[in-house]
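Visitor: Next up, query_33.txt (compact mmCIF, N, CA and C atoms).
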# COMPACT_ATOMS: atom_id res chain seq x y z
N MET A 1 107.42 93.64 136.78
CA MET A 1 108.00 94.37 135.67
C MET A 1 108.67 93.39 134.71
N PRO A 2 108.63 93.70 133.45
CA PRO A 2 109.24 92.81 132.46
C PRO A 2 110.76 92.91 132.44
N THR A 3 111.37 91.85 131.99
CA THR A 3 112.82 91.81 131.79
C THR A 3 113.10 92.04 130.31
N TYR A 4 113.98 92.99 130.02
CA TYR A 4 114.35 93.30 128.64
C TYR A 4 115.79 92.88 128.41
N THR A 5 116.05 92.36 127.23
CA THR A 5 117.41 91.98 126.84
C THR A 5 117.89 92.97 125.79
N PHE A 6 119.08 93.51 126.03
CA PHE A 6 119.68 94.48 125.11
C PHE A 6 121.01 93.95 124.61
N ARG A 7 121.35 94.32 123.39
CA ARG A 7 122.64 93.96 122.80
C ARG A 7 123.35 95.24 122.39
N ASN A 8 124.61 95.33 122.78
CA ASN A 8 125.42 96.48 122.38
C ASN A 8 125.80 96.30 120.91
N LYS A 9 125.48 97.27 120.08
CA LYS A 9 125.73 97.18 118.64
C LYS A 9 127.22 97.16 118.31
N VAL A 10 128.06 97.74 119.19
CA VAL A 10 129.49 97.81 118.94
C VAL A 10 130.21 96.57 119.43
N THR A 11 129.93 96.18 120.68
CA THR A 11 130.67 95.06 121.28
C THR A 11 129.96 93.72 121.13
N GLY A 12 128.64 93.74 120.89
CA GLY A 12 127.89 92.49 120.79
C GLY A 12 127.52 91.89 122.14
N VAL A 13 127.87 92.56 123.22
CA VAL A 13 127.57 92.06 124.57
C VAL A 13 126.09 92.26 124.86
N THR A 14 125.46 91.22 125.43
CA THR A 14 124.05 91.32 125.79
C THR A 14 123.92 91.50 127.29
N SER A 15 122.83 92.14 127.69
CA SER A 15 122.55 92.34 129.11
C SER A 15 121.04 92.33 129.32
N ASN A 16 120.63 91.92 130.51
CA ASN A 16 119.22 91.88 130.88
C ASN A 16 118.94 92.95 131.92
N HIS A 17 117.79 93.61 131.79
CA HIS A 17 117.40 94.66 132.73
C HIS A 17 115.91 94.51 133.04
N ILE A 18 115.57 94.66 134.30
CA ILE A 18 114.16 94.66 134.71
C ILE A 18 113.75 96.13 134.78
N LEU A 19 112.85 96.53 133.86
CA LEU A 19 112.49 97.93 133.72
C LEU A 19 111.00 98.10 133.44
N THR A 20 110.49 99.25 133.81
CA THR A 20 109.15 99.62 133.36
C THR A 20 109.27 100.05 131.90
N LEU A 21 108.16 100.23 131.23
CA LEU A 21 108.18 100.67 129.84
C LEU A 21 108.85 102.04 129.72
N LYS A 22 108.53 102.94 130.64
CA LYS A 22 109.13 104.27 130.61
C LYS A 22 110.64 104.19 130.84
N GLN A 23 111.07 103.35 131.79
CA GLN A 23 112.49 103.19 132.06
C GLN A 23 113.21 102.60 130.84
N ARG A 24 112.55 101.68 130.13
CA ARG A 24 113.14 101.09 128.92
C ARG A 24 113.37 102.16 127.86
N GLU A 25 112.37 103.02 127.67
CA GLU A 25 112.50 104.10 126.69
C GLU A 25 113.65 105.03 127.08
N GLU A 26 113.74 105.38 128.37
CA GLU A 26 114.82 106.26 128.83
C GLU A 26 116.18 105.59 128.65
N TYR A 27 116.25 104.29 128.94
CA TYR A 27 117.51 103.55 128.80
C TYR A 27 117.98 103.58 127.35
N LEU A 28 117.07 103.34 126.42
CA LEU A 28 117.44 103.34 125.00
C LEU A 28 117.86 104.73 124.52
N GLU A 29 117.21 105.78 125.05
CA GLU A 29 117.60 107.15 124.69
C GLU A 29 119.00 107.48 125.20
N GLN A 30 119.31 107.01 126.42
CA GLN A 30 120.59 107.32 127.05
C GLN A 30 121.72 106.42 126.55
N ASN A 31 121.37 105.31 125.91
CA ASN A 31 122.37 104.35 125.42
C ASN A 31 122.11 104.05 123.95
N PRO A 32 122.53 104.96 123.06
CA PRO A 32 122.21 104.79 121.64
C PRO A 32 122.87 103.56 121.00
N ASN A 33 123.91 103.00 121.61
CA ASN A 33 124.55 101.80 121.07
C ASN A 33 123.84 100.51 121.49
N GLU A 34 122.83 100.64 122.35
CA GLU A 34 122.08 99.46 122.80
C GLU A 34 120.86 99.25 121.92
N GLN A 35 120.58 98.00 121.63
CA GLN A 35 119.42 97.64 120.81
C GLN A 35 118.65 96.56 121.56
N GLN A 36 117.34 96.73 121.67
CA GLN A 36 116.54 95.72 122.35
C GLN A 36 116.44 94.48 121.48
N MET A 37 116.62 93.33 122.11
CA MET A 37 116.51 92.06 121.39
C MET A 37 115.13 91.47 121.68
N ILE A 38 114.51 90.94 120.66
CA ILE A 38 113.23 90.25 120.81
C ILE A 38 113.54 88.76 120.87
N LEU A 39 113.23 88.16 122.01
CA LEU A 39 113.53 86.75 122.22
C LEU A 39 112.25 85.95 122.30
N ASN A 40 112.37 84.65 122.11
CA ASN A 40 111.21 83.77 122.27
C ASN A 40 110.78 83.79 123.73
N SER A 41 109.49 83.87 123.94
CA SER A 41 108.99 83.85 125.31
C SER A 41 108.61 82.43 125.70
N THR A 42 108.66 82.16 126.97
CA THR A 42 108.29 80.85 127.49
C THR A 42 106.85 80.91 127.97
N LEU A 43 106.05 80.01 127.47
CA LEU A 43 104.65 79.95 127.87
C LEU A 43 104.40 78.70 128.69
N VAL A 44 103.58 78.86 129.70
CA VAL A 44 103.17 77.71 130.50
C VAL A 44 101.80 77.30 130.01
N SER A 45 101.67 76.06 129.62
CA SER A 45 100.38 75.59 129.14
C SER A 45 100.19 74.14 129.56
N GLY A 46 98.98 73.69 129.47
CA GLY A 46 98.69 72.30 129.76
C GLY A 46 98.81 71.93 131.22
N VAL A 47 98.50 72.88 132.10
CA VAL A 47 98.56 72.58 133.52
C VAL A 47 97.43 71.61 133.83
N GLY A 48 97.76 70.51 134.42
CA GLY A 48 96.74 69.52 134.74
C GLY A 48 96.88 69.03 136.16
N GLY A 49 95.93 68.26 136.55
CA GLY A 49 95.98 67.66 137.87
C GLY A 49 95.51 68.57 138.99
N LEU A 50 95.00 69.73 138.66
CA LEU A 50 94.51 70.64 139.68
C LEU A 50 93.05 70.31 139.97
N LYS A 51 92.74 70.16 141.24
CA LYS A 51 91.37 69.85 141.63
C LYS A 51 90.86 70.94 142.55
N PRO A 52 89.61 71.39 142.32
CA PRO A 52 89.06 72.43 143.19
C PRO A 52 88.83 71.90 144.60
N SER A 53 88.97 72.78 145.57
CA SER A 53 88.74 72.40 146.96
C SER A 53 87.26 72.17 147.18
N ASP A 54 86.92 71.53 148.29
CA ASP A 54 85.52 71.27 148.60
C ASP A 54 84.73 72.57 148.76
N GLY A 55 85.37 73.60 149.33
CA GLY A 55 84.70 74.89 149.49
C GLY A 55 84.36 75.51 148.15
N PHE A 56 85.28 75.41 147.19
CA PHE A 56 85.03 75.96 145.87
C PHE A 56 83.95 75.15 145.15
N LYS A 57 83.93 73.84 145.36
CA LYS A 57 82.88 73.00 144.77
C LYS A 57 81.51 73.42 145.30
N ASP A 58 81.46 73.77 146.60
CA ASP A 58 80.19 74.24 147.18
C ASP A 58 79.73 75.53 146.51
N VAL A 59 80.67 76.43 146.24
CA VAL A 59 80.33 77.68 145.56
C VAL A 59 79.79 77.38 144.16
N LEU A 60 80.45 76.48 143.44
CA LEU A 60 79.98 76.11 142.09
C LEU A 60 78.59 75.49 142.14
N ASN A 61 78.35 74.63 143.12
CA ASN A 61 77.02 74.01 143.26
C ASN A 61 75.95 75.06 143.53
N THR A 62 76.27 76.05 144.35
CA THR A 62 75.32 77.13 144.66
C THR A 62 75.02 77.93 143.40
N ILE A 63 76.03 78.23 142.62
CA ILE A 63 75.84 78.97 141.37
C ILE A 63 74.95 78.17 140.43
N LYS A 64 75.25 76.90 140.29
CA LYS A 64 74.46 76.05 139.39
C LYS A 64 73.02 75.95 139.85
N LYS A 65 72.81 75.82 141.17
CA LYS A 65 71.46 75.70 141.74
C LYS A 65 70.65 76.97 141.48
N ASN A 66 71.29 78.13 141.59
CA ASN A 66 70.58 79.41 141.43
C ASN A 66 70.48 79.86 139.98
N ASN A 67 71.10 79.13 139.06
CA ASN A 67 71.07 79.46 137.64
C ASN A 67 70.74 78.21 136.85
N PRO A 68 69.46 77.94 136.64
CA PRO A 68 69.03 76.68 136.01
C PRO A 68 69.66 76.41 134.65
N ARG A 69 70.00 77.42 133.90
CA ARG A 69 70.59 77.22 132.57
C ARG A 69 72.12 77.10 132.61
N SER A 70 72.68 77.12 133.79
CA SER A 70 74.13 77.06 133.94
C SER A 70 74.67 75.73 133.43
N THR A 71 75.81 75.79 132.76
CA THR A 71 76.47 74.58 132.27
C THR A 71 77.74 74.27 133.07
N ILE A 72 77.83 74.83 134.27
CA ILE A 72 79.00 74.60 135.12
C ILE A 72 79.05 73.13 135.51
N ASN A 73 80.24 72.51 135.35
CA ASN A 73 80.41 71.14 135.80
C ASN A 73 80.86 71.15 137.26
N THR A 74 80.10 70.43 138.08
CA THR A 74 80.46 70.38 139.51
C THR A 74 80.83 68.98 139.93
As structure tokens, how would this structure be written, given the file I've shared?
Guide:
Amino acid sequence: MPTYTFRNKVTGVTSNHILTLKQREEYLEQNPNEQQMILNSTLVSGVGGLKPSDGFKDVLNTIKKNNPRSTINT
């Protein structure tokens, strides 16, 4: 479930809540002084150094062997 950050419009206090989309809608209806904040998200990118196991390499080789036009690198 996603984490939502809310700011109280009166006090300025922020809080985080882990809610479903439906729970978020209910929370906002029940708390009219709360406003959802849109924050920058953290993305993971550029993962490197991962090598496929020998078993997975065998699967890739079998796929390539059975599909002559395959461009899979093994």
Visitor: Give me, as a PDB file with N, CA and C atoms, in the coordinates of the input, the residues of chain A that a backbone DSSP run labels strand (DSSP E).
Guide:
ATOM      1  N   THR A   3     111.370  91.850 131.990  1.00  0.00           N
ATOM      2  CA  THR A   3     112.820  91.810 131.790  1.00  0.00           C
ATOM      3  C   THR A   3     113.100  92.040 130.310  1.00  0.00           C
ATOM      4  N   TYR A   4     113.980  92.990 130.020  1.00  0.00           N
ATOM      5  CA  TYR A   4     114.350  93.300 128.640  1.00  0.00           C
ATOM      6  C   TYR A   4     115.790  92.880 128.410  1.00  0.00           C
ATOM      7  N   THR A   5     116.050  92.360 127.230  1.00  0.00           N
ATOM      8  CA  THR A   5     117.410  91.980 126.840  1.00  0.00           C
ATOM      9  C   THR A   5     117.890  92.970 125.790  1.00  0.00           C
ATOM     10  N   PHE A   6     119.080  93.510 126.030  1.00  0.00           N
ATOM     11  CA  PHE A   6     119.680  94.480 125.110  1.00  0.00           C
ATOM     12  C   PHE A   6     121.010  93.950 124.610  1.00  0.00           C
ATOM     13  N   ARG A   7     121.350  94.320 123.390  1.00  0.00           N
ATOM     14  CA  ARG A   7     122.640  93.960 122.800  1.00  0.00           C
ATOM     15  C   ARG A   7     123.350  95.240 122.390  1.00  0.00           C
ATOM     16  N   ASN A   8     124.610  95.330 122.780  1.00  0.00           N
ATOM     17  CA  ASN A   8     125.420  96.480 122.380  1.00  0.00           C
ATOM     18  C   ASN A   8     125.800  96.300 120.910  1.00  0.00           C
ATOM     19  N   THR A  14     125.460  91.220 125.430  1.00  0.00           N
ATOM     20  CA  THR A  14     124.050  91.320 125.790  1.00  0.00           C
ATOM     21  C   THR A  14     123.920  91.500 127.290  1.00  0.00           C
ATOM     22  N   SER A  15     122.830  92.140 127.690  1.00  0.00           N
ATOM     23  CA  SER A  15     122.550  92.340 129.110  1.00  0.00           C
ATOM     24  C   SER A  15     121.040  92.330 129.320  1.00  0.00           C
ATOM     25  N   ASN A  16     120.630  91.920 130.510  1.00  0.00           N
ATOM     26  CA  ASN A  16     119.220  91.880 130.880  1.00  0.00           C
ATOM     27  C   ASN A  16     118.940  92.950 131.920  1.00  0.00           C
ATOM     28  N   HIS A  17     117.790  93.610 131.790  1.00  0.00           N
ATOM     29  CA  HIS A  17     117.400  94.660 132.730  1.00  0.00           C
ATOM     30  C   HIS A  17     115.910  94.510 133.040  1.00  0.00           C
ATOM     31  N   ILE A  18     115.570  94.660 134.300  1.00  0.00           N
ATOM     32  CA  ILE A  18     114.160  94.660 134.710  1.00  0.00           C
ATOM     33  C   ILE A  18     113.750  96.130 134.780  1.00  0.00           C
ATOM     34  N   GLU A  34     122.830 100.640 122.350  1.00  0.00           N
ATOM     35  CA  GLU A  34     122.080  99.460 122.800  1.00  0.00           C
ATOM     36  C   GLU A  34     120.860  99.250 121.920  1.00  0.00           C
ATOM     37  N   GLN A  35     120.580  98.000 121.630  1.00  0.00           N
ATOM     38  CA  GLN A  35     119.420  97.640 120.810  1.00  0.00           C
ATOM     39  C   GLN A  35     118.650  96.560 121.560  1.00  0.00           C
ATOM     40  N   GLN A  36     117.340  96.730 121.670  1.00  0.00           N
ATOM     41  CA  GLN A  36     116.540  95.720 122.350  1.00  0.00           C
ATOM     42  C   GLN A  36     116.440  94.480 121.480  1.00  0.00           C
ATOM     43  N   MET A  37     116.620  93.330 122.110  1.00  0.00           N
ATOM     44  CA  MET A  37     116.510  92.060 121.390  1.00  0.00           C
ATOM     45  C   MET A  37     115.130  91.470 121.680  1.00  0.00           C
TER      46      MET A  37
END
Visitor: Between A:Met1, A:Pro52, A:Glu34, A:Leu39, which one has atoms that come closest to Ile18 in chain A, using all atoms listed in the file?
Guide: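 Checking each candidate against Ile18 in chain A, we get A:Met1 as the closest.
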Visitor: Give the alpha helix (DSSP H) residues of chain A, as DSSP finds them on the backbone, and put them as a compact mmCIF listing (two decimals) with N, CA and C atoms, in the frame of the given file.
Guide:
# COMPACT_ATOMS: atom_id res chain seq x y z
N LEU A 21 108.16 100.23 131.23
CA LEU A 21 108.18 100.67 129.84
C LEU A 21 108.85 102.04 129.72
N LYS A 22 108.53 102.94 130.64
CA LYS A 22 109.13 104.27 130.61
C LYS A 22 110.64 104.19 130.84
N GLN A 23 111.07 103.35 131.79
CA GLN A 23 112.49 103.19 132.06
C GLN A 23 113.21 102.60 130.84
N ARG A 24 112.55 101.68 130.13
CA ARG A 24 113.14 101.09 128.92
C ARG A 24 113.37 102.16 127.86
N GLU A 25 112.37 103.02 127.67
CA GLU A 25 112.50 104.10 126.69
C GLU A 25 113.65 105.03 127.08
N GLU A 26 113.74 105.38 128.37
CA GLU A 26 114.82 106.26 128.83
C GLU A 26 116.18 105.59 128.65
N TYR A 27 116.25 104.29 128.94
CA TYR A 27 117.51 103.55 128.80
C TYR A 27 117.98 103.58 127.35
N LEU A 28 117.07 103.34 126.42
CA LEU A 28 117.44 103.34 125.00
C LEU A 28 117.86 104.73 124.52
N GLU A 29 117.21 105.78 125.05
CA GLU A 29 117.60 107.15 124.69
C GLU A 29 119.00 107.48 125.20
N GLN A 30 119.31 107.01 126.42
CA GLN A 30 120.59 107.32 127.05
C GLN A 30 121.72 106.42 126.55
N ASP A 54 86.92 71.53 148.29
CA ASP A 54 85.52 71.27 148.60
C ASP A 54 84.73 72.57 148.76
N GLY A 55 85.37 73.60 149.33
CA GLY A 55 84.70 74.89 149.49
C GLY A 55 84.36 75.51 148.15
N PHE A 56 85.28 75.41 147.19
CA PHE A 56 85.03 75.96 145.87
C PHE A 56 83.95 75.15 145.15
N LYS A 57 83.93 73.84 145.36
CA LYS A 57 82.88 73.00 144.77
C LYS A 57 81.51 73.42 145.30
N ASP A 58 81.46 73.77 146.60
CA ASP A 58 80.19 74.24 147.18
C ASP A 58 79.73 75.53 146.51
N VAL A 59 80.67 76.43 146.24
CA VAL A 59 80.33 77.68 145.56
C VAL A 59 79.79 77.38 144.16
N LEU A 60 80.45 76.48 143.44
CA LEU A 60 79.98 76.11 142.09
C LEU A 60 78.59 75.49 142.14
N ASN A 61 78.35 74.63 143.12
CA ASN A 61 77.02 74.01 143.26
C ASN A 61 75.95 75.06 143.53
N THR A 62 76.27 76.05 144.35
CA THR A 62 75.32 77.13 144.66
C THR A 62 75.02 77.93 143.40
N ILE A 63 76.03 78.23 142.62
CA ILE A 63 75.84 78.97 141.37
C ILE A 63 74.95 78.17 140.43
N LYS A 64 75.25 76.90 140.29
CA LYS A 64 74.46 76.05 139.39
C LYS A 64 73.02 75.95 139.85
N LYS A 65 72.81 75.82 141.17
CA LYS A 65 71.46 75.70 141.74
C LYS A 65 70.65 76.97 141.48
N ASN A 66 71.29 78.13 141.59
CA ASN A 66 70.58 79.41 141.43
C ASN A 66 70.48 79.86 139.98
Visitor: From the list A:Tyr27, A:Lys64, A:Asp58, A:Asn33, which residue is nearest Thr11 in chain A when using only N, CA and C atoms?
Guide: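 Among the listed residues, A:Asn33 lies closest to Thr11 in chain A.
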Visitor: Pick out the closest residue to Thr14 in chain A from this set: A:Leu60, A:Asn31, A:Met37, A:Pro2. Count only C-alpha atoms.
Guide: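 Closest residue, counting only C-alpha atoms: A:Met37.
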Visitor: Taking only C-alpha atoms into account, which of A:Gln30, A:Gln35, A:Asn16, A:Thr74 comes nearest Lys51 in chain A?
Guide: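 Smallest separation from Lys51 in chain A among the options: A:Thr74.
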Visitor: Which distance in Å separates CA of Glu26 in chain A and atom C of Asn40 in chain A, to one decimal?
Guide: 23.4 Å
Visitor: Given 6 Å on each side, where is the centre and what are the edge lengths in Å to one decimal of the axis-aligned box enclosing the listed atoms of range 3-20 of chain A, as JSON?
Guide:
{"center_x": 119.9, "center_y": 95.6, "center_z": 126.5, "size_x": 33.5, "size_y": 20.8, "size_z": 28.5}
Visitor: When you draw a straight line from atom C of Asn66 in chain A to CA of Leu50 in chain A, how long is it in Å?
Guide: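 Here the two named atoms are 25.7 Å from each other.
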Visitor: Using only N, CA and C atoms, find the one residue out of A:Ser53, A:Thr5, A:Asn67, A:Asn73 that sits nearest to Gln36 in chain A.
Guide: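 Of the candidates, the smallest distance to Gln36 in chain A is held by A:Thr5.
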Visitor: Just give me the gap between CA of Gly55 in chain A and atom N of Thr71 in chain A in Å, one decimal is fine.
Guide: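 So the two atoms, CA of Gly55 in chain A and atom N of Thr71 in chain A, lie 19.0 Å apart.
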